[in-house]
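Heads up, the thing below is written out as structure tokens.
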Amino acid sequence: MHAVLTRNEKETEGTKGTEGNNNNGVLGVCPLYLKGHSYGEYVFDHSWAQAYTRVTGRSYYPKIQSCVPFSPVTGNRLLVKSGEHREESLKLLSNSLVAVADQMQGVSSLHVTFNTEEERQQLCTDAGYLSRFGIQYHWHNKGYESFDDFLMHLRQSKRKAIRQERKYVLQKSGLKVYRKMGSEMSAKDWDDFYRFYINTCNKKWGEAYLNRDFFHLLGELLQDKVMVVFVEDAAGRKVAGALNLVGSDTLFGRNWGCKNGLNVKHLHFEVCYYQALDAAIELGLGKVEAGAQGEHKIQRGYLPTLTYSAHYIKDPRFRTVVKDFLKQEQQQIDYTLDVLNQELSPYKKSG
């Protein structure tokens, strides 16, 4: 996490983080960011900002956020040592964050995003934050020995479809797909990937959060904790790429892009989903996180999974508004999760 925070703070224009530290005998810390916008968070509250102004007559910004910037990845946000004082430290840190928000004039709220289930219990049950849920799509490695071994656990129709998609890209398209770890990446490799990233931003978002130097630093700092899937045409020119981060037990799919005008059937599925599964099996990783959006991921083995965030709203009137909204949103998410798991899962039914 330290390396990720370091490269983000070096090469992005985010506000400076803060963290609690008593220098000696530190039991826990929590990086915080004071933000004047809601970009790059993946827990969307733009509508909250508009409603806040209508209800209170004040600006929703600045707000405080605890997160890994630009990364919708679940993990510990309250960085507390394990041991006999852990529960006490979690409680103290949770309440201290509220005190920080209350003391900062003009701050509307505090948001802890993509926190763990343990932290959700502490923040939302004991400290009184509002709980919010989301859905991402994750693949779990059940001890598969190979990609074909994974396929044998799918229903026949899904297994056949995936094989046909891979065959088209790897054997019929005339393209070469391969993976490179961070230590193998050259400066030109990162420049090529940055070009693909910018193309995606221009098509989808209109604004790039990350600059060229960010990606060079990423490879320098994280080395083989980074994996890039590249695609080359028959002339050996790179035409597409996908960025992944390698955790201790999880492969995190992050960014994808291709050259302008490239339109090859099934290429996105191969580069972003199947190559990630192949790599996770080879590396012995337990999970691949493919992010949010896209029920098409389910048919390729990625199942819907709950994510968590916790929100402290200072204004009591607006807190009630958000609480009511989150109650309705949770009902819809529970229903959606149930339908997706029961009706769309590609896996064979046990028993």
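Each chain of the structure tokens is named A, B, ... in the order shown, its residues numbered from 1; ligands are numbered from 1 in display order.
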Next item on the list: Select from range 11-245 of chain A everything DSSP, run on the backbone, classes as alpha helix (DSSP H), then give the selection as a VMD selection string.
Entry: chain A and resid 11 46 to 56 86 to 103 117 to 120 147 to 151 156 to 167 187 to 204 212 to 222
Do you have, as a tab-separated table, the list of residues of range 265-347 of chain A lying at most 9 Å from range 64-85 of chain A, each with its nearest atom pair and that distance in Å to one decimal, counting only C-alpha atoms and ordered by chain then number?
```
residue	atom	partner	partner_atom	distance
A:Glu289	CA	A:Val73	CA	8.1
A:Gly291	CA	A:Pro72	CA	7.0
A:Ala292	CA	A:Pro72	CA	8.6
A:Thr307	CA	A:Thr74	CA	7.1
A:Tyr308	CA	A:Thr74	CA	7.9
```
Notebook entry, point to check: Pick the closest to Ser59 in chain A from A:Gln331, A:Val107, A:Leu123, A:Tyr42: which is it, counting only C-alpha atoms?
Noted result: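 Using only C-alpha atoms, Ser59 in chain A sits closest to A:Val107.
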Checklist line | Using only C-alpha atoms: which of A:Ala310, A:Val112, A:Leu262, A:Met104 has the shortest distance to Val322 in chain A | finding: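 Checking each of A:Ala310, A:Val112, A:Leu262, A:Met104 against Val322 in chain A, counting only C-alpha atoms, the winner is A:Ala310.
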Next item on the list: Identify, on the basis of only C-alpha atoms, every residue whose closest approach to range 35-39 of chain A does not exceed 9 Å; exclude the query and any residue fewer than 6 positions from it along the same chain; express the result as a list in words.
Entry: Gly14, Thr15, Asp45, His46, Ala49, Tyr60, Tyr61, Pro62, Lys63, Ile64, Gln65, Phe70 and Tyr209 of chain A
Near range 190-192 of chain A, within 7 Å and counting only C-alpha atoms, which residues show up once chain neighbours fewer than 3 positions away are dropped, as a tab-separated table (two decimals) with all heavy atoms, in the first residue's frame?
```
chain	number	residue	atom	x	y	z
A	185	MET	N	9.49	-4.32	-18.18
A	185	MET	CA	8.95	-3.22	-18.97
A	185	MET	C	10.02	-2.16	-19.24
A	185	MET	O	10.74	-1.73	-18.34
A	185	MET	CB	7.79	-2.58	-18.23
A	185	MET	CG	6.57	-3.49	-18.06
A	185	MET	SD	5.56	-3.56	-19.55
A	185	MET	CE	4.82	-1.92	-19.53
A	186	SER	N	10.11	-1.74	-20.48
A	186	SER	CA	11.01	-0.64	-20.85
A	186	SER	C	10.24	0.68	-20.80
A	186	SER	O	9.01	0.70	-20.67
A	186	SER	CB	11.54	-0.86	-22.26
A	186	SER	OG	10.48	-0.76	-23.21
A	187	ALA	N	10.97	1.78	-20.94
A	187	ALA	CA	10.32	3.09	-20.98
A	187	ALA	C	9.36	3.17	-22.17
A	187	ALA	O	8.27	3.74	-22.06
A	187	ALA	CB	11.37	4.19	-21.06
A	195	ARG	N	-0.31	5.61	-24.05
A	195	ARG	CA	-1.07	6.03	-25.24
A	195	ARG	C	-2.43	5.32	-25.29
A	195	ARG	O	-3.45	5.94	-25.58
A	195	ARG	CB	-0.26	5.72	-26.50
A	195	ARG	CG	-0.90	6.26	-27.77
A	195	ARG	CD	-0.02	6.06	-28.99
A	195	ARG	NE	0.07	4.66	-29.39
A	195	ARG	CZ	1.14	3.89	-29.22
A	195	ARG	NH1	2.22	4.38	-28.62
A	195	ARG	NH2	1.14	2.63	-29.62
A	196	PHE	N	-2.44	4.03	-24.95
A	196	PHE	CA	-3.70	3.29	-24.94
A	196	PHE	C	-4.62	3.82	-23.83
A	196	PHE	O	-5.84	3.94	-24.01
A	196	PHE	CB	-3.44	1.79	-24.72
A	196	PHE	CG	-2.54	1.17	-25.76
A	196	PHE	CD1	-1.64	0.17	-25.42
A	196	PHE	CD2	-2.59	1.59	-27.08
A	196	PHE	CE1	-0.82	-0.41	-26.36
A	196	PHE	CE2	-1.76	1.02	-28.04
A	196	PHE	CZ	-0.88	0.02	-27.68
A	212	ARG	N	1.90	10.46	-17.70
A	212	ARG	CA	2.88	9.51	-18.24
A	212	ARG	C	3.88	9.08	-17.16
A	212	ARG	O	4.22	7.89	-17.04
A	212	ARG	CB	3.62	10.15	-19.41
A	212	ARG	CG	4.56	9.20	-20.14
A	212	ARG	CD	5.39	9.98	-21.17
A	212	ARG	NE	4.54	10.69	-22.10
A	212	ARG	CZ	4.08	10.16	-23.24
A	212	ARG	NH1	4.41	8.93	-23.56
A	212	ARG	NH2	3.31	10.87	-24.05
A	215	PHE	N	2.99	6.13	-14.73
A	215	PHE	CA	3.16	4.74	-15.15
A	215	PHE	C	4.63	4.32	-15.10
A	215	PHE	O	4.95	3.17	-14.74
A	215	PHE	CB	2.58	4.54	-16.54
A	215	PHE	CG	1.08	4.65	-16.57
A	215	PHE	CD1	0.46	5.80	-17.03
A	215	PHE	CD2	0.29	3.62	-16.09
A	215	PHE	CE1	-0.92	5.92	-17.05
A	215	PHE	CE2	-1.09	3.73	-16.09
A	215	PHE	CZ	-1.70	4.88	-16.57
A	216	HIS	N	5.54	5.24	-15.44
A	216	HIS	CA	6.96	4.92	-15.32
A	216	HIS	C	7.33	4.66	-13.86
A	216	HIS	O	8.08	3.72	-13.56
A	216	HIS	CB	7.81	6.06	-15.89
A	216	HIS	CG	7.79	6.13	-17.39
A	216	HIS	ND1	8.72	5.52	-18.18
A	216	HIS	CD2	6.92	6.74	-18.25
A	216	HIS	CE1	8.46	5.74	-19.46
A	216	HIS	NE2	7.37	6.49	-19.52
```
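The space between CA of Leu303 in chain A and CA of Thr125 in chain A spans 27.2 Å.
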Item checked: Atomic separation - CA of Ala279 in chain A relative to CA of Trp139 in chain A, Å ->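 Those two atoms sit 12.3 Å apart.
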